[in-house]
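*Asks:* Sharing coords_6.cif below, mmCIF, C-alpha atoms and all ligand atoms:
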data_entry
#
loop_
_atom_site.label_atom_id
_atom_site.label_comp_id
_atom_site.auth_asym_id
_atom_site.auth_seq_id
_atom_site.Cartn_x
_atom_site.Cartn_y
_atom_site.Cartn_z
CA MET D 13 -10.28 1.59 15.11
CA THR D 14 -9.81 1.00 11.36
CA ALA D 15 -7.10 3.00 9.56
CA ALA D 16 -8.20 5.93 7.38
CA PRO D 17 -8.47 4.93 3.70
CA THR D 18 -5.41 5.96 1.65
CA ILE D 19 -6.56 4.96 -1.85
CA ILE D 20 -7.69 7.37 -4.55
CA THR D 21 -9.95 5.57 -7.01
CA ILE D 22 -9.52 7.07 -10.49
CA LEU D 23 -12.28 6.11 -12.93
CA ASN D 24 -12.41 6.60 -16.67
CA GLY D 25 -15.47 6.22 -18.85
CA PRO D 26 -16.08 5.11 -22.42
CA ASN D 27 -13.57 5.54 -25.23
CA LEU D 28 -10.81 6.73 -22.91
CA ASN D 29 -9.03 3.42 -23.53
CA LEU D 30 -8.24 4.97 -26.93
CA LEU D 31 -6.62 8.05 -25.42
CA GLY D 32 -3.62 9.06 -27.54
CA LYS D 33 -5.20 7.66 -30.70
CA ARG D 34 -8.70 9.12 -30.37
CA GLN D 35 -9.13 12.66 -31.79
CA PRO D 36 -5.63 13.72 -30.66
CA GLU D 37 -6.37 17.30 -31.71
CA ILE D 38 -8.88 17.38 -28.83
CA TYR D 39 -7.54 14.88 -26.32
CA GLY D 40 -3.79 14.93 -26.99
CA ARG D 41 -1.28 12.18 -27.67
CA GLU D 42 -0.70 10.86 -24.17
CA THR D 43 -2.10 7.39 -23.55
CA LEU D 44 -4.18 6.35 -20.56
CA ALA D 45 -1.13 4.37 -19.35
CA ASP D 46 0.87 7.63 -19.37
CA VAL D 47 -1.88 9.30 -17.35
CA GLU D 48 -1.97 6.41 -14.89
CA ALA D 49 1.81 6.61 -14.36
CA ALA D 50 1.67 10.38 -13.75
CA CYS D 51 -1.20 9.96 -11.27
CA ARG D 52 0.62 7.14 -9.44
CA ASP D 53 3.80 9.23 -9.11
CA ALA D 54 1.85 12.26 -7.83
CA ALA D 55 -0.20 10.23 -5.34
CA GLU D 56 2.74 8.22 -4.01
CA ALA D 57 4.82 11.37 -3.52
CA GLY D 58 2.06 12.48 -1.14
CA GLY D 59 1.73 9.13 0.62
CA LEU D 60 -1.44 7.89 -1.09
CA SER D 61 -1.96 5.10 -3.61
CA ILE D 62 -4.27 4.88 -6.62
CA ARG D 63 -6.61 2.38 -8.19
CA PHE D 64 -6.86 3.40 -11.86
CA LEU D 65 -9.66 1.88 -13.94
CA GLN D 66 -11.36 2.36 -17.30
CA SER D 67 -14.55 0.87 -18.68
CA ASN D 68 -16.84 1.31 -21.63
CA ALA D 69 -19.71 -0.13 -19.55
CA GLU D 70 -21.81 2.03 -17.23
CA HIS D 71 -22.56 -0.81 -14.79
CA GLU D 72 -18.87 -1.51 -14.28
CA ILE D 73 -18.20 2.13 -13.34
CA ILE D 74 -21.12 1.98 -10.89
CA ASP D 75 -19.76 -1.23 -9.32
CA TRP D 76 -16.32 0.42 -8.92
CA ILE D 77 -17.90 3.41 -7.18
CA HIS D 78 -19.57 0.96 -4.77
CA GLU D 79 -16.18 -0.68 -4.15
CA ALA D 80 -14.64 2.72 -3.46
CA ARG D 81 -17.16 3.15 -0.63
CA GLU D 82 -15.32 0.36 1.18
CA ASP D 83 -11.72 1.45 0.82
CA SER D 84 -11.13 4.83 -0.85
CA PHE D 85 -10.49 8.29 0.50
CA GLY D 86 -11.72 9.96 -2.68
CA ILE D 87 -12.79 9.45 -6.28
CA VAL D 88 -11.39 11.18 -9.35
CA ILE D 89 -13.67 10.51 -12.31
CA ASN D 90 -13.67 11.32 -15.98
CA PRO D 91 -17.10 9.90 -16.84
CA ALA D 92 -16.54 10.81 -20.54
CA ALA D 93 -19.86 10.71 -22.44
CA TYR D 94 -21.67 9.33 -19.37
CA SER D 95 -21.18 12.78 -17.78
CA HIS D 96 -23.93 14.05 -20.04
CA THR D 97 -26.33 11.10 -19.77
CA SER D 98 -25.95 9.07 -16.60
CA VAL D 99 -28.24 9.65 -13.65
CA ALA D 100 -27.15 6.17 -12.52
CA ILE D 101 -23.51 7.26 -12.12
CA LEU D 102 -24.67 10.41 -10.29
CA ASP D 103 -26.76 8.24 -7.95
CA ALA D 104 -23.79 5.94 -7.32
CA LEU D 105 -21.53 8.89 -6.52
CA ASN D 106 -24.15 10.17 -4.12
CA THR D 107 -23.63 6.99 -2.07
CA PHE D 108 -19.93 7.84 -1.65
CA GLU D 109 -19.06 10.00 1.33
CA GLY D 110 -15.52 11.17 0.45
CA PRO D 111 -14.42 13.90 -1.94
CA VAL D 112 -15.16 13.59 -5.66
CA VAL D 113 -13.27 15.50 -8.36
CA GLU D 114 -14.59 15.39 -11.94
CA VAL D 115 -12.03 15.70 -14.74
CA HIS D 116 -12.51 16.49 -18.41
CA ILE D 117 -9.48 16.62 -20.65
CA SER D 118 -11.19 19.08 -22.97
CA ASN D 119 -13.12 22.18 -21.97
CA ILE D 120 -16.63 20.80 -22.32
CA HIS D 121 -18.06 24.33 -22.11
CA LYS D 122 -16.27 25.35 -25.28
CA ARG D 123 -17.68 22.41 -27.23
CA GLU D 124 -21.11 21.27 -28.47
CA ALA D 125 -24.10 22.32 -26.33
CA PHE D 126 -24.90 18.71 -25.36
CA ARG D 127 -21.54 18.56 -23.53
CA HIS D 128 -22.22 21.65 -21.41
CA HIS D 129 -24.31 19.81 -18.82
CA SER D 130 -22.81 17.12 -16.61
CA TYR D 131 -24.95 15.14 -14.17
CA VAL D 132 -21.78 14.26 -12.27
CA SER D 133 -21.07 17.94 -11.58
CA GLN D 134 -24.11 17.95 -9.27
CA ARG D 135 -22.09 15.73 -6.93
CA ALA D 136 -18.50 16.72 -7.67
CA ASP D 137 -16.71 18.80 -5.04
CA GLY D 138 -14.37 20.06 -7.76
CA VAL D 139 -14.43 20.09 -11.55
CA ILE D 140 -11.37 20.41 -13.80
CA ALA D 141 -11.91 20.88 -17.53
CA GLY D 142 -9.73 21.97 -20.40
CA CYS D 143 -6.33 21.35 -18.75
CA GLY D 144 -5.56 18.38 -20.96
CA THR D 145 -4.37 15.19 -19.29
CA GLN D 146 -2.66 17.38 -16.67
CA GLY D 147 -6.16 17.73 -15.22
CA TYR D 148 -5.82 14.25 -13.69
CA VAL D 149 -2.61 15.21 -11.86
CA LEU D 150 -4.26 18.43 -10.69
CA ALA D 151 -7.15 16.35 -9.35
CA VAL D 152 -4.74 14.04 -7.51
CA SER D 153 -3.01 17.11 -6.07
CA ARG D 154 -6.38 18.36 -4.81
CA MET D 155 -7.02 14.95 -3.20
CA LEU D 156 -3.65 15.18 -1.40
CA THR D 157 -4.59 18.61 -0.04
CA LEU D 158 -7.97 17.32 1.15
CA PHE D 159 -6.34 14.22 2.66
CA GLU D 160 -3.84 16.34 4.61
CA ALA D 161 -6.66 18.57 5.86
CA ALA D 162 -8.72 15.54 6.92
CA SER D 163 -5.70 13.99 8.68
CA ARG D 164 -5.05 17.22 10.59
CA ALA D 165 -8.71 17.43 11.58
CA GLY D 166 -8.35 13.83 12.88
C1 LIG D 201 -14.47 14.17 -22.01
C2 LIG D 201 -15.51 15.12 -22.62
C3 LIG D 201 -16.79 14.37 -22.97
O1 LIG D 201 -17.75 15.26 -23.52
C4 LIG D 201 -16.50 13.28 -23.98
O2 LIG D 201 -17.66 12.53 -24.23
C5 LIG D 201 -15.37 12.40 -23.60
C6 LIG D 201 -14.21 12.97 -22.91
C7 LIG D 201 -13.13 14.88 -21.78
O3 LIG D 201 -12.30 14.29 -21.07
O4 LIG D 201 -12.88 15.98 -22.30
O5 LIG D 201 -15.36 11.23 -23.93
O6 LIG D 201 -14.95 13.73 -20.76
#
Can you give me the file's structure in the form of structure tokens?
*Replies:*
Amino acid sequence: MTAAPTIITILNGPNLNLLGKRQPEIYGRETLADVEAACRDAAEAGGLSIRFLQSNAEHEIIDWIHEAREDSFGIVINPAAYSHTSVAILDALNTFEGPVVEVHISNIHKREAFRHHSYVSQRADGVIAGCGTQGYVLAVSRMLTLFEAASRAG
């Protein structure tokens, strides 16, 4: 029997490489490296590990979702602008069987109308928006809860 996957894949879409510098009044001053470190600490404290990735290219995010099918318990994803445009990322997530939590740093529902709809939300088991970068740690915490429940269920 193969061991249960213990990786959380955390994916970040376009422009999030500029986190901390990009519109800090909306997205804050923490960098993506800060977010990665906080997620790693939270996951490791609960016995899981993370794979933390960012791309400005849709196809790369899709390929990483396919990789997660092989080795990840769950996916945390901030698809950034692709949330509002990408049926391809939704389709990729629909091939993944584990839990998916969608994160938005800002509250997309309080912003322009074109941000109110997310294709990814049609697949996400949970959605966190408007909690700043803390939303990522909240998503990891949710993954730990789901992992414990799955482990208990055997
Ligand atoms: C975002 C919200 C999106 O509308 C936007 O395109 C982003 C970031 C957020 O984290 O608040 O790039 O996903």
*Asks:* Here is a test: counting all atoms listed in the file, which residue of D:Glu114, D:Asp137, D:Glu160, D:Asp46 is nearest to ligand LIG 201 (chain D)?
*Replies:* D:Glu114
*Asks:* Which protein, DNA or RNA residues are at most 9 Å from (-12.6, 0.0, -25.7) in the file's coordinates when you count only C-alpha atoms, listed as a PyMOL selection string?
*Replies:* chain D and resi 26-30+66-68
*Asks:* Would you please work out which residue, of D:Gly142, D:Val132, D:Asn24, D:Ala93, is nearest to Val47 (chain D) when using only C-alpha atoms?
*Replies:*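 That would be D:Asn24, the residue with the smallest distance to Val47 (chain D).
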*Asks:* Using CA of Leu44 (chain D) and atom C3 of ligand LIG 201 (chain D) as the two end points, give the distance in Å to one decimal.
*Replies:* 15.1 Å
*Asks:* Quick check, in Å to one decimal: how far apart do CA of Tyr39 (chain D) and CA of Glu72 (chain D) lie?
*Replies:* 23.3 Å
